[in-house]
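K.L.:
What follows is the file target.txt, containing compact mmCIF, C-alpha atoms:
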# COMPACT_ATOMS: atom_id res chain seq x y z
CA ALA D 647 48.62 -49.46 -82.12
CA GLN D 648 46.91 -46.31 -80.97
CA LYS D 649 48.47 -43.23 -82.43
CA ILE D 650 48.01 -39.54 -83.07
CA THR D 651 48.77 -38.06 -86.47
CA GLN D 652 49.38 -34.42 -87.27
CA THR D 653 50.08 -34.18 -90.98
CA GLN D 654 50.98 -30.49 -91.16
CA PRO D 655 54.59 -29.90 -90.10
CA GLY D 656 54.15 -26.16 -90.61
CA MET D 657 51.33 -23.72 -91.22
CA PHE D 658 51.16 -19.99 -91.62
CA VAL D 659 48.27 -17.59 -91.28
CA GLN D 660 47.72 -13.87 -91.58
CA GLU D 661 47.04 -12.01 -88.38
CA LYS D 662 43.31 -11.77 -87.56
CA GLU D 663 42.41 -14.69 -89.80
CA ALA D 664 41.31 -18.16 -88.68
CA VAL D 665 43.42 -21.28 -89.04
CA THR D 666 42.71 -24.99 -88.67
CA LEU D 667 45.32 -27.43 -87.40
CA ASP D 668 44.62 -31.05 -88.24
CA CYS D 669 44.71 -34.04 -85.90
CA THR D 670 43.59 -37.58 -86.55
CA TYR D 671 43.78 -40.54 -84.22
CA ASP D 672 43.67 -44.27 -84.55
CA THR D 673 41.79 -46.30 -81.98
CA SER D 674 39.01 -48.81 -81.68
CA ASP D 675 38.31 -47.80 -78.08
CA PRO D 676 34.90 -46.22 -77.51
CA SER D 677 36.16 -44.02 -74.69
CA TYR D 678 38.99 -41.57 -75.08
CA GLY D 679 39.96 -37.97 -74.52
CA LEU D 680 41.64 -35.49 -76.82
CA PHE D 681 43.74 -32.48 -75.87
CA TRP D 682 45.50 -29.64 -77.59
CA TYR D 683 48.63 -27.98 -76.23
CA LYS D 684 50.63 -24.95 -77.31
CA GLN D 685 54.40 -24.82 -76.95
CA PRO D 686 56.01 -21.39 -77.48
CA SER D 687 59.72 -21.08 -78.18
CA SER D 688 60.32 -20.98 -74.42
CA GLY D 689 59.45 -24.68 -74.27
CA GLU D 690 56.61 -24.51 -71.77
CA MET D 691 53.53 -26.59 -72.50
CA ILE D 692 50.24 -24.71 -72.32
CA PHE D 693 46.94 -26.58 -72.21
CA LEU D 694 44.37 -25.18 -74.64
CA ILE D 695 41.31 -27.39 -74.90
CA TYR D 696 39.86 -30.82 -74.13
CA GLN D 697 37.27 -32.99 -75.90
CA GLY D 698 35.87 -36.23 -74.52
CA SER D 699 34.72 -38.94 -76.89
CA TYR D 700 31.22 -38.89 -75.41
CA ASP D 701 30.87 -35.12 -75.42
CA GLN D 702 27.90 -34.14 -77.54
CA GLN D 703 29.16 -30.69 -78.43
CA ASN D 704 32.45 -29.47 -79.79
CA ALA D 705 34.65 -27.94 -77.12
CA THR D 706 35.35 -24.22 -77.16
CA GLU D 707 37.69 -22.08 -75.07
CA GLY D 708 37.84 -18.44 -76.06
CA ARG D 709 39.41 -18.21 -79.53
CA TYR D 710 40.03 -21.96 -79.59
CA SER D 711 37.48 -24.48 -80.75
CA LEU D 712 37.76 -28.14 -81.51
CA ASN D 713 36.13 -29.52 -84.66
CA PHE D 714 35.43 -33.05 -83.45
CA GLN D 715 34.34 -35.53 -86.11
CA LYS D 716 34.10 -38.86 -84.36
CA ALA D 717 33.30 -40.98 -87.41
CA ARG D 718 36.35 -39.60 -89.20
CA LYS D 719 38.45 -39.84 -86.03
CA SER D 720 39.57 -36.28 -86.33
CA ALA D 721 39.89 -33.51 -83.76
CA ASN D 722 41.04 -30.39 -85.54
CA LEU D 723 41.90 -27.23 -83.63
CA VAL D 724 40.47 -24.00 -84.96
CA ILE D 725 42.07 -20.74 -83.85
CA SER D 726 39.98 -17.71 -84.71
CA ALA D 727 41.28 -14.17 -85.10
CA SER D 728 44.93 -15.21 -85.02
CA GLN D 729 47.37 -13.08 -83.08
CA LEU D 730 51.13 -12.76 -83.41
CA GLY D 731 51.46 -14.44 -80.01
CA ASP D 732 49.83 -17.56 -81.42
CA SER D 733 53.04 -18.40 -83.25
CA ALA D 734 54.18 -21.64 -81.62
CA MET D 735 54.19 -25.42 -81.89
CA TYR D 736 50.81 -27.04 -81.39
CA PHE D 737 50.38 -30.60 -80.22
CA CYS D 738 47.41 -32.89 -80.28
CA ALA D 739 47.35 -35.47 -77.49
CA ALA D 740 45.07 -38.27 -76.36
CA PHE D 741 44.44 -41.04 -73.92
CA PHE D 742 42.44 -44.12 -74.82
CA SER D 743 40.20 -46.25 -72.67
CA GLY D 744 42.66 -49.11 -72.63
CA GLY D 745 44.72 -46.95 -70.31
CA TYR D 746 43.49 -43.45 -69.72
CA ASN D 747 46.55 -42.75 -67.65
CA LYS D 748 48.73 -43.05 -70.74
CA LEU D 749 48.81 -39.71 -72.54
CA ILE D 750 50.41 -39.72 -75.98
CA PHE D 751 51.22 -36.85 -78.33
CA GLY D 752 51.32 -36.21 -82.04
CA ALA D 753 54.37 -34.85 -83.87
CA GLY D 754 53.12 -31.29 -83.73
CA THR D 755 52.44 -28.43 -86.15
CA ARG D 756 54.47 -25.26 -86.17
CA LEU D 757 52.21 -22.25 -86.69
CA ALA D 758 53.56 -18.91 -87.87
CA VAL D 759 51.29 -15.87 -87.70
CA HIS D 760 52.26 -13.14 -90.14
CA PRO D 761 51.38 -9.46 -89.62
CA SER E 1337 47.40 -24.55 -55.83
CA GLN E 1338 49.35 -27.29 -57.53
CA THR E 1339 52.87 -26.72 -58.78
CA ILE E 1340 55.44 -28.89 -60.47
CA HIS E 1341 59.17 -28.45 -60.10
CA GLN E 1342 61.70 -29.91 -62.47
CA TRP E 1343 65.43 -29.47 -62.33
CA PRO E 1344 67.98 -28.74 -63.57
CA ALA E 1345 66.88 -26.51 -66.44
CA THR E 1346 70.02 -27.18 -68.46
CA LEU E 1347 72.53 -30.00 -68.29
CA VAL E 1348 75.63 -30.90 -70.29
CA GLN E 1349 76.95 -34.37 -69.62
CA PRO E 1350 79.70 -36.47 -71.22
CA VAL E 1351 78.92 -39.75 -72.93
CA GLY E 1352 78.99 -42.61 -70.46
CA SER E 1353 78.19 -40.49 -67.43
CA PRO E 1354 75.15 -41.13 -65.20
CA LEU E 1355 71.99 -39.03 -65.20
CA SER E 1356 69.45 -38.11 -62.59
CA LEU E 1357 66.58 -35.71 -63.31
CA GLU E 1358 64.12 -34.99 -60.55
CA CYS E 1359 60.54 -33.84 -60.66
CA THR E 1360 58.33 -33.03 -57.68
CA VAL E 1361 54.72 -32.00 -57.46
CA GLU E 1362 53.10 -29.93 -54.72
CA GLY E 1363 49.49 -29.36 -53.78
CA THR E 1364 48.02 -32.66 -54.90
CA SER E 1365 48.12 -36.29 -53.89
CA ASN E 1366 48.40 -39.50 -55.87
CA PRO E 1367 49.02 -37.78 -59.20
CA ASN E 1368 49.75 -39.60 -62.42
CA LEU E 1369 53.33 -38.70 -63.33
CA TYR E 1370 54.98 -38.67 -66.74
CA TRP E 1371 58.39 -38.31 -68.35
CA TYR E 1372 58.54 -37.21 -71.99
CA ARG E 1373 61.45 -36.52 -74.29
CA GLN E 1374 61.34 -34.06 -77.15
CA ALA E 1375 63.95 -33.96 -79.90
CA ALA E 1376 64.53 -30.54 -81.45
CA GLY E 1377 61.46 -29.47 -83.44
CA ARG E 1378 59.73 -32.78 -82.87
CA GLY E 1379 56.86 -34.20 -80.86
CA LEU E 1380 56.79 -35.51 -77.31
CA GLN E 1381 57.80 -39.12 -76.89
CA LEU E 1382 56.33 -40.76 -73.80
CA LEU E 1383 59.13 -42.47 -71.89
CA PHE E 1384 57.57 -43.50 -68.57
CA TYR E 1385 54.42 -42.95 -66.61
CA SER E 1386 53.42 -43.82 -63.10
CA VAL E 1387 50.04 -44.15 -61.41
CA GLY E 1388 51.40 -44.67 -57.91
CA ILE E 1389 54.46 -45.18 -55.72
CA GLY E 1390 56.70 -47.85 -57.17
CA GLN E 1391 54.42 -48.34 -60.21
CA ILE E 1392 56.29 -47.50 -63.41
CA SER E 1393 55.21 -48.20 -66.98
CA SER E 1394 57.95 -48.04 -69.56
CA GLU E 1395 57.09 -47.10 -73.10
CA VAL E 1396 60.45 -47.10 -74.81
CA PRO E 1397 63.11 -49.75 -74.16
CA GLN E 1398 66.40 -47.92 -73.82
CA ASN E 1399 69.07 -47.12 -71.29
CA LEU E 1400 66.82 -44.88 -69.23
CA SER E 1401 64.90 -45.84 -66.12
CA ALA E 1402 62.41 -44.12 -63.86
CA SER E 1403 61.54 -44.41 -60.21
CA ARG E 1404 58.85 -43.02 -57.94
CA PRO E 1405 60.15 -43.28 -54.40
CA GLN E 1406 57.50 -40.95 -53.00
CA ASP E 1407 53.97 -40.06 -54.02
CA ARG E 1408 54.93 -36.74 -55.57
CA GLN E 1409 58.47 -37.45 -56.71
CA PHE E 1410 59.45 -38.86 -60.08
CA ILE E 1411 63.07 -39.47 -61.06
CA LEU E 1412 64.54 -40.20 -64.48
CA SER E 1413 67.90 -41.93 -64.47
CA SER E 1414 70.56 -43.45 -66.63
CA LYS E 1415 73.69 -45.34 -65.70
CA LYS E 1416 75.54 -44.43 -68.89
CA LEU E 1417 74.37 -41.68 -71.21
CA LEU E 1418 74.49 -42.00 -74.98
CA LEU E 1419 74.71 -39.18 -77.53
CA SER E 1420 71.20 -40.10 -78.62
CA ASP E 1421 69.90 -39.27 -75.13
CA SER E 1422 70.25 -35.56 -75.88
CA GLY E 1423 66.95 -33.73 -75.93
CA PHE E 1424 64.41 -31.76 -73.99
CA TYR E 1425 62.96 -33.74 -71.09
CA LEU E 1426 59.59 -32.81 -69.71
CA CYS E 1427 57.96 -34.01 -66.54
CA ALA E 1428 54.20 -33.76 -66.17
CA TRP E 1429 51.47 -34.60 -63.68
CA ARG E 1430 47.79 -35.26 -64.16
CA GLY E 1431 44.85 -35.87 -61.86
CA GLY E 1432 42.92 -39.07 -61.59
CA GLN E 1433 39.95 -38.10 -63.70
CA PRO E 1434 40.00 -38.85 -67.43
CA ASN E 1435 39.05 -35.35 -68.49
CA THR E 1436 41.89 -33.63 -66.65
CA GLU E 1437 44.75 -32.09 -68.52
CA ALA E 1438 48.42 -32.69 -67.82
CA PHE E 1439 50.51 -29.94 -66.25
CA PHE E 1440 54.11 -29.72 -67.30
CA GLY E 1441 57.34 -28.69 -65.66
CA GLN E 1442 59.66 -26.22 -67.31
CA GLY E 1443 61.78 -28.96 -68.84
CA THR E 1444 65.43 -29.95 -68.79
CA ARG E 1445 67.54 -29.43 -71.86
CA LEU E 1446 70.10 -32.24 -71.84
CA THR E 1447 73.11 -32.21 -74.14
CA VAL E 1448 75.30 -35.28 -74.16
CA VAL E 1449 78.80 -34.51 -75.49
Could I get this file's structure written as structure tokens?

P.N.:
Amino acid sequence: AQKITQTQPGMFVQEKEAVTLDCTYDTSDPSYGLFWYKQPSSGEMIFLIYQGSYDQQNATEGRYSLNFQKARKSANLVISASQLGDSAMYFCAAFFSGGYNKLIFGAGTRLAVHP
Amino acid sequence: SQTIHQWPATLVQPVGSPLSLECTVEGTSNPNLYWYRQAAGRGLQLLFYSVGIGQISSEVPQNLSASRPQDRQFILSSKKLLLSDSGFYLCAWRGGQPNTEAFFGQGTRLTVV
């Protein structure tokens, strides 16, 4: 079955440093899309970045970039110059070509940014 | 602009009571609609999704059901709540293109006592 795996339950990083949050996925579909979301303690879900399986370049959005390694089926999120406000849960999500309407999520990684 | 409304924000219900959570979307038509449940400190479990009126896909067999009586309305229901139904319920909508992100409501924190 198609699934998303986030193996880091918790991570911490010093303010102003970069951090990588891991995400791997399991699919044999050639077409899929990958997302990253941030969930602060308030519970809201904030979209960060999207990567399509056919995109030639890694996606970037401000301090967020996605390290997409298709052969390894990984889509790691890199946050540069961490800020205290980056402390939150981070979720990797995906749809697969068998049903792009079906959006599934990983278990999440809790990131703590230390001053 | 598109907005999504989900209510109530907080709900405490006794075991065995019914449940109805409502989600409505404004500013778009024919959205894909989703219900997720999140246990404390855990990931989002997809419960139901819908690509159109009356079209519901169920991901988890349990005592919950979903309905889409109108294009931009998605309802999560239960006839008899269980303790295990406690959690944070999130409604989301998404456009028809594959590369579009999902937009989430503010969530309902349900406690079954």

K.L.:
Should the cut-off be 12 Å, what would the residue list for chain D against chain E look like, counting only C-alpha atoms, as JSON, numbers by chain?

P.N.:
{"D": [649, 650, 651, 652, 655, 656, 677, 678, 679, 680, 681, 682, 683, 684, 685, 686, 687, 688, 689, 690, 691, 692, 693, 694, 695, 696, 697, 698, 699, 700, 701, 734, 735, 736, 737, 738, 739, 740, 741, 742, 743, 744, 745, 746, 747, 748, 749, 750, 751, 752, 753, 754, 755, 756]}

K.L.:
What is the distance, in Å and to one decimal place, between atom CA of Thr1346 of chain E and atom CA of Ala1376 of chain E?

P.N.:
14.5 Å

K.L.:
Quick one: distance from atom CA of Thr1447 of chain E to atom CA of Gln654 of chain D in Å, one decimal?

P.N.:
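These atoms are spaced 28.0 Å apart.
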
K.L.:
Using all atoms listed in the file, which of the listed residues (E:Val1396, E:Leu1383, E:Val1361, E:Ala1375) sits closest to Ser1420 of chain E?

P.N.:
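Between E:Val1396, E:Leu1383, E:Val1361, E:Ala1375, the residue approaching Ser1420 of chain E most closely is E:Ala1375.
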
K.L.:
Taking into account only C-alpha atoms, which residue in the set E:Leu1400, E:Ile1389, E:Leu1357, E:Leu1347 is nearest to Cys1427 of chain E?

P.N.:
E:Leu1357

K.L.:
Let me make sure I understand: among D:Leu723, D:Ala717, D:Cys669, D:Leu757, which one has the smallest atom-to-atom distance to Asn704 of chain D if we use all atoms listed in the file?

P.N.:
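Checking each candidate against Asn704 of chain D, we get D:Leu723 as the closest.
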
K.L.:
One decimal, Å: what's the distance from atom CA of Gly1363 of chain E over to atom CA of Thr1339 of chain E, could you say?

P.N.:
6.6 Å

K.L.:
Quick one: everything within 7 Å of Leu712 of chain D, counting all atoms listed in the file, minus sequence neighbours fewer than 3 positions away in the same chain. Send it as a ChimeraX atom specification.

P.N.:
/D:704-706,721-724

K.L.:
Produce the centre coordinates and the three edge lengths, each in Å to one decimal, of the box along x, y and z that contains all listed atoms of segment 707-710 of chain D with 3 Å added on each side, as lines of an AutoDock Vina configuration file.

P.N.:
center_x = 38.9
center_y = -20.1
center_z = -77.3
size_x = 8.3
size_y = 9.9
size_z = 10.5

K.L.:
Please provide as a PyMOL selection string all residues within 9 Å of Ser1413 of chain E, with the sequence filter that same-chain residues fewer than 4 positions apart are discarded (counting all atoms listed in the file).

P.N.:
chain E and resi 1354-1358+1399-1403

K.L.:
Counting all atoms listed in the file, find residues at most 12 Å from (35.3, -40.6, -86.7) (file frame) and give them as a ChimeraX atom specification.

P.N.:
/D:669-676,699,713-722
